[in-house]
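work_28.pdb (PDB, C-alpha atoms)
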ATOM      1  CA  MET V   1      -4.405   7.277  20.722
ATOM      2  CA  GLN V   2      -4.538   4.170  18.528
ATOM      3  CA  THR V   3      -7.776   2.219  18.863
ATOM      4  CA  VAL V   4      -8.230  -1.514  18.492
ATOM      5  CA  PRO V   5      -9.454  -2.208  14.966
ATOM      6  CA  LYS V   6     -12.824  -3.803  14.287
ATOM      7  CA  SER V   7     -13.577  -5.814  11.169
ATOM      8  CA  VAL V   8     -13.892  -3.918   7.893
ATOM      9  CA  THR V   9     -12.481  -4.811   4.470
ATOM     10  CA  VAL V  10     -12.373  -3.254   1.009
ATOM     11  CA  HIS V  11     -12.259  -5.735  -1.880
ATOM     12  CA  LEU V  12      -9.126  -5.176  -3.895
ATOM     13  CA  PRO V  13      -7.700  -7.203  -6.794
ATOM     14  CA  HIS V  14      -4.235  -8.402  -5.785
ATOM     15  CA  ARG V  15      -1.267  -7.922  -8.104
ATOM     16  CA  GLN V  16       2.197  -9.269  -7.323
ATOM     17  CA  GLN V  17       5.169  -7.047  -8.087
ATOM     18  CA  GLU V  18       7.364  -8.211 -10.947
ATOM     19  CA  TYR V  19      10.659  -6.896  -9.552
ATOM     20  CA  ASP V  20      12.003  -6.377  -6.053
ATOM     21  CA  TYR V  21      12.016  -2.608  -6.681
ATOM     22  CA  SER V  22       8.499  -2.295  -8.146
ATOM     23  CA  CYS V  23       6.293  -2.442  -5.035
ATOM     24  CA  LEU V  24       4.827   1.030  -5.493
ATOM     25  CA  ALA V  25       4.032   0.427  -9.172
ATOM     26  CA  ALA V  26       2.313  -2.841  -8.194
ATOM     27  CA  CYS V  27       0.303  -1.024  -5.502
ATOM     28  CA  ALA V  28      -0.726   1.586  -8.070
ATOM     29  CA  ARG V  29      -1.768  -1.240 -10.389
ATOM     30  CA  MET V  30      -4.011  -2.722  -7.678
ATOM     31  CA  LEU V  31      -5.673   0.616  -6.982
ATOM     32  CA  LEU V  32      -6.201   1.326 -10.680
ATOM     33  CA  ALA V  33      -7.756  -2.137 -11.115
ATOM     34  CA  ALA V  34     -10.085  -1.402  -8.192
ATOM     35  CA  HIS V  35     -11.276   1.618 -10.207
ATOM     36  CA  GLY V  36     -11.739  -0.495 -13.345
ATOM     37  CA  ILE V  37      -8.521   0.673 -15.008
ATOM     38  CA  GLU V  38      -6.246  -2.154 -16.150
ATOM     39  CA  LYS V  39      -2.623  -1.292 -16.843
ATOM     40  CA  SER V  40       0.431  -3.510 -16.925
ATOM     41  CA  GLU V  41       3.084  -3.082 -14.296
ATOM     42  CA  ALA V  42       5.539  -2.191 -17.075
ATOM     43  CA  GLN V  43       3.289   0.692 -18.156
ATOM     44  CA  LEU V  44       3.051   1.931 -14.574
ATOM     45  CA  ARG V  45       6.777   1.591 -13.932
ATOM     46  CA  ARG V  46       7.382   3.857 -16.932
ATOM     47  CA  LEU V  47       4.676   6.320 -15.892
ATOM     48  CA  LEU V  48       5.888   6.468 -12.282
ATOM     49  CA  LYS V  49       9.568   6.639 -13.308
ATOM     50  CA  THR V  50      10.485   3.489 -11.400
ATOM     51  CA  ARG V  51      14.203   2.747 -11.457
ATOM     52  CA  ALA V  52      15.924  -0.596 -10.898
ATOM     53  CA  SER V  53      17.535  -0.896  -7.462
ATOM     54  CA  VAL V  54      16.022   2.465  -6.444
ATOM     55  CA  GLY V  55      12.289   1.939  -6.840
ATOM     56  CA  THR V  56       9.704   4.676  -7.251
ATOM     57  CA  HIS V  57       9.653   8.026  -5.531
ATOM     58  CA  PRO V  58       6.176   8.366  -3.982
ATOM     59  CA  VAL V  59       5.769  11.903  -5.324
ATOM     60  CA  ASN V  60       5.393  10.314  -8.765
ATOM     61  CA  LEU V  61       2.019   8.903  -7.706
ATOM     62  CA  ILE V  62       0.649  12.295  -8.759
ATOM     63  CA  ARG V  63       1.012  11.023 -12.343
ATOM     64  CA  LEU V  64      -1.981   8.737 -11.686
ATOM     65  CA  GLU V  65      -4.179  11.823 -11.917
ATOM     66  CA  GLN V  66      -4.189  11.364 -15.701
ATOM     67  CA  PHE V  67      -6.644   8.494 -15.067
ATOM     68  CA  ASP V  68      -9.190  10.884 -13.506
ATOM     69  CA  LEU V  69      -7.982  10.012 -10.012
ATOM     70  CA  ALA V  70      -7.154  12.293  -7.103
ATOM     71  CA  VAL V  71      -3.889  11.567  -5.321
ATOM     72  CA  THR V  72      -3.110  12.737  -1.806
ATOM     73  CA  TRP V  73       0.471  11.949  -0.867
ATOM     74  CA  PRO V  74       2.263  11.701   1.391
ATOM     75  CA  ARG V  75       0.875  12.682   4.669
ATOM     76  CA  ALA V  76       1.309  11.366   8.150
ATOM     77  CA  ALA V  77      -1.704   9.499   9.472
ATOM     78  CA  SER V  78      -2.854   7.490  12.459
ATOM     79  CA  LEU V  79      -4.331   4.013  12.586
ATOM     80  CA  ASP V  80      -7.712   5.660  13.145
ATOM     81  CA  ASP V  81      -7.183   7.761   9.986
ATOM     82  CA  LEU V  82      -6.481   4.591   8.010
ATOM     83  CA  ARG V  83      -9.593   2.945   9.387
ATOM     84  CA  THR V  84     -11.699   5.977   8.423
ATOM     85  CA  GLN V  85     -10.348   5.798   4.872
ATOM     86  CA  VAL V  86     -11.040   2.060   4.606
ATOM     87  CA  GLU V  87     -14.540   2.516   6.036
ATOM     88  CA  SER V  88     -15.056   5.082   3.239
ATOM     89  CA  ASN V  89     -14.055   2.400   0.707
ATOM     90  CA  LYS V  90     -10.642   3.996   0.131
ATOM     91  CA  PRO V  91      -7.757   1.555   0.518
ATOM     92  CA  CYS V  92      -4.494   3.389   1.263
ATOM     93  CA  ILE V  93      -0.897   2.915   0.238
ATOM     94  CA  VAL V  94       1.315   2.922   3.307
ATOM     95  CA  PHE V  95       5.071   2.818   3.521
ATOM     96  CA  VAL V  96       6.585   0.273   5.905
ATOM     97  CA  TRP V  97       9.954  -1.140   6.843
ATOM     98  CA  SER V  98       9.852  -4.664   5.436
ATOM     99  CA  SER V  99      11.950  -6.437   8.067
ATOM    100  CA  ASP V 100       9.529  -5.309  10.789
ATOM    101  CA  LEU V 101       6.819  -7.414   9.146
ATOM    102  CA  LEU V 102       7.387 -10.851  10.637
ATOM    103  CA  TYR V 103       6.132 -12.734   7.591
ATOM    104  CA  TRP V 104       8.938 -11.160   5.545
ATOM    105  CA  GLU V 105      11.396 -13.635   7.028
ATOM    106  CA  GLU V 106       9.900 -16.070   4.541
ATOM    107  CA  VAL V 107      10.403 -13.644   1.647
ATOM    108  CA  ASP V 108      13.633 -11.772   2.267
ATOM    109  CA  ASP V 109      16.130 -11.191   5.069
ATOM    110  CA  ILE V 110      16.916  -7.622   4.021
ATOM    111  CA  GLY V 111      14.883  -4.714   5.356
ATOM    112  CA  TYR V 112      13.970  -1.689   3.272
ATOM    113  CA  LEU V 113      11.196   0.827   2.717
ATOM    114  CA  HIS V 114       8.302  -0.983   1.076
ATOM    115  CA  ALA V 115       4.814  -0.043  -0.142
ATOM    116  CA  VAL V 116       1.719  -2.058   0.767
ATOM    117  CA  ILE V 117      -1.989  -1.312   0.622
ATOM    118  CA  VAL V 118      -4.150  -1.281   3.732
ATOM    119  CA  ALA V 119      -7.475  -2.747   2.642
ATOM    120  CA  GLY V 120      -9.045  -3.667   5.942
ATOM    121  CA  PHE V 121      -8.966  -4.473   9.605
ATOM    122  CA  SER V 122      -9.795  -7.595  11.561
ATOM    123  CA  GLU V 123     -10.388  -7.815  15.288
ATOM    124  CA  THR V 124      -6.651  -8.338  15.836
ATOM    125  CA  GLY V 125      -4.826  -7.019  12.819
ATOM    126  CA  VAL V 126      -4.445  -4.898   9.740
ATOM    127  CA  LEU V 127      -5.223  -6.473   6.361
ATOM    128  CA  VAL V 128      -2.624  -5.540   3.768
ATOM    129  CA  HIS V 129      -2.114  -6.354   0.137
ATOM    130  CA  ASP V 130       1.641  -6.807   0.013
ATOM    131  CA  PRO V 131       2.741  -6.881  -3.624
ATOM    132  CA  ALA V 132       5.784  -8.974  -2.683
ATOM    133  CA  LEU V 133       3.414 -11.868  -1.960
ATOM    134  CA  PRO V 134       1.516 -13.940  -4.536
ATOM    135  CA  ASP V 135      -1.884 -13.212  -2.998
ATOM    136  CA  GLY V 136      -3.615 -11.087  -0.422
ATOM    137  CA  PRO V 137      -4.748  -9.701   1.807
ATOM    138  CA  THR V 138      -2.384 -10.757   4.572
ATOM    139  CA  GLU V 139      -3.281 -10.115   8.203
ATOM    140  CA  VAL V 140      -0.548  -8.319  10.135
ATOM    141  CA  PRO V 141      -0.833  -8.035  13.932
ATOM    142  CA  VAL V 142      -1.480  -4.405  14.878
ATOM    143  CA  SER V 143       1.732  -4.107  16.903
ATOM    144  CA  ASP V 144       3.862  -5.420  14.003
ATOM    145  CA  PHE V 145       2.114  -3.133  11.530
ATOM    146  CA  LEU V 146       2.592  -0.064  13.737
ATOM    147  CA  ARG V 147       6.288  -0.859  14.259
ATOM    148  CA  ALA V 148       6.866  -1.279  10.491
ATOM    149  CA  TRP V 149       4.817   1.809   9.615
ATOM    150  CA  LYS V 150       6.502   4.008  12.248
ATOM    151  CA  ARG V 151       9.816   3.883  10.380
ATOM    152  CA  SER V 152       8.255   5.794   7.474
ATOM    153  CA  GLY V 153       6.820   8.465   9.762
ATOM    154  CA  HIS V 154       3.344   6.919   9.360
ATOM    155  CA  LEU V 155       3.180   8.022   5.728
ATOM    156  CA  VAL V 156       0.096   7.260   3.685
ATOM    157  CA  ALA V 157      -1.037   7.975   0.126
ATOM    158  CA  VAL V 158      -4.687   7.960  -0.920
ATOM    159  CA  VAL V 159      -5.684   7.378  -4.540
ATOM    160  CA  GLU V 160      -9.379   7.866  -5.263
ATOM    161  CA  LYS V 161     -11.775   8.886  -8.007
ATOM    162  CA  ALA V 162     -11.505  12.603  -8.718
ATOM    163  CA  THR V 163     -14.631  14.569  -7.878
TER     164      THR V 163
END

Output the structure of this file as structure tokens.
Amino acid sequence: MQTVPKSVTVHLPHRQQEYDYSCLAACARMLLAAHGIEKSEAQLRRLLKTRASVGTHPVNLIRLEQFDLAVTWPRAASLDDLRTQVESNKPCIVFVWSSDLLYWEEVDDIGYLHAVIVAGFSETGVLVHDPALPDGPTEVPVSDFLRAWKRSGHLVAVVEKAT
């Protein structure tokens, strides 16, 4: 059962993706910056083997472990699982179908699998850092978020400091 979110937010430096296929590299850049590791998107695209018009295969996130980070990917999760991660100060990369996010009408009319970071919850929505946008977080109504996330099988990746 999905519960109604209550307010919680993790501070995350926002980074906009440089190319329409580099959303996952931009998400990785945000998470690295949150851990005090600054890398350019170009460096991360190379590391993660990002390809033009194809993007980045999520399994390549494991390459972030060279920065003394632990990567758990991908696994199916619930909204409650995401909230637990955020409450533990662990923003999560989630994979969504872009056209199910209503604000994407302003960005692009084409739907595709897209990576965003869940960094918090409000009383009515999920706070995401969408690298397609110039700033964040953006509040997405829970129902819209769940619809967009469902198309990926509720996949989530967690990148955190290695213990």

Next on the checklist: For Leu127 in chain V, find every residue with an atom within 6 Å (counting all atoms listed in the file), except residues of its own chain fewer than 2 positions away, and show them as an MDAnalysis selection string.
Outcome noted: chainID V and resid 118:121 137:139

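The spacing separating CA of Leu47 in chain V from CA of Leu64 in chain V amounts to 8.2 Å.
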
Next on the checklist: Need to verify the contact set: Leu31 in chain V, 8 Å, all atoms listed in the file, exclusion of same-chain residues closer than 3 positions in sequence. Can you return it as a PyMOL selection string?
Outcome noted: chain V and resi 12+27-28+34-35+91+159

Item to check | Shortest interatomic distance to Glu18 in chain V - which of V:Phe145, V:Thr84, V:Ala132, V:Lys39, counting only C-alpha atoms | outcome: V:Ala132

Selection dump of the PyMOL selection byres ((chain V and resi 65-69) around 6), as a PDB file with C-alpha atoms, in the coordinates of the input:
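This is the output file selection35.pdb:
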ATOM      1  CA  ILE V  62       0.649  12.295  -8.759  1.00  0.00           C
ATOM      2  CA  ARG V  63       1.012  11.023 -12.343  1.00  0.00           C
ATOM      3  CA  LEU V  64      -1.981   8.737 -11.686  1.00  0.00           C
ATOM      4  CA  ALA V  70      -7.154  12.293  -7.103  1.00  0.00           C
ATOM      5  CA  GLU V 160      -9.379   7.866  -5.263  1.00  0.00           C
ATOM      6  CA  LYS V 161     -11.775   8.886  -8.007  1.00  0.00           C
ATOM      7  CA  ALA V 162     -11.505  12.603  -8.718  1.00  0.00           C
TER       8      ALA V 162
END

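Between Leu113 in chain V and the residues V:Ser152, V:Gln43, V:Gln85, V:Thr50, the shortest atom-to-atom distance, using only C-alpha atoms, involves V:Ser152.
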
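Ranking V:His129, V:His57, V:Arg51, V:Arg45 by their shortest atom-to-atom distance to Thr9 in chain V, with only C-alpha atoms included, puts V:His129 first.
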
Checklist entry - What do you get, as a ChimeraX atom specification, if you spell out every residue that the PyMOL selection byres ((chain V and resi 94) around 12) selects here? => result /V:23-24,27-28,58,72-79,81-82,91-93,95-98,113-119,126-130,145-146,148-159
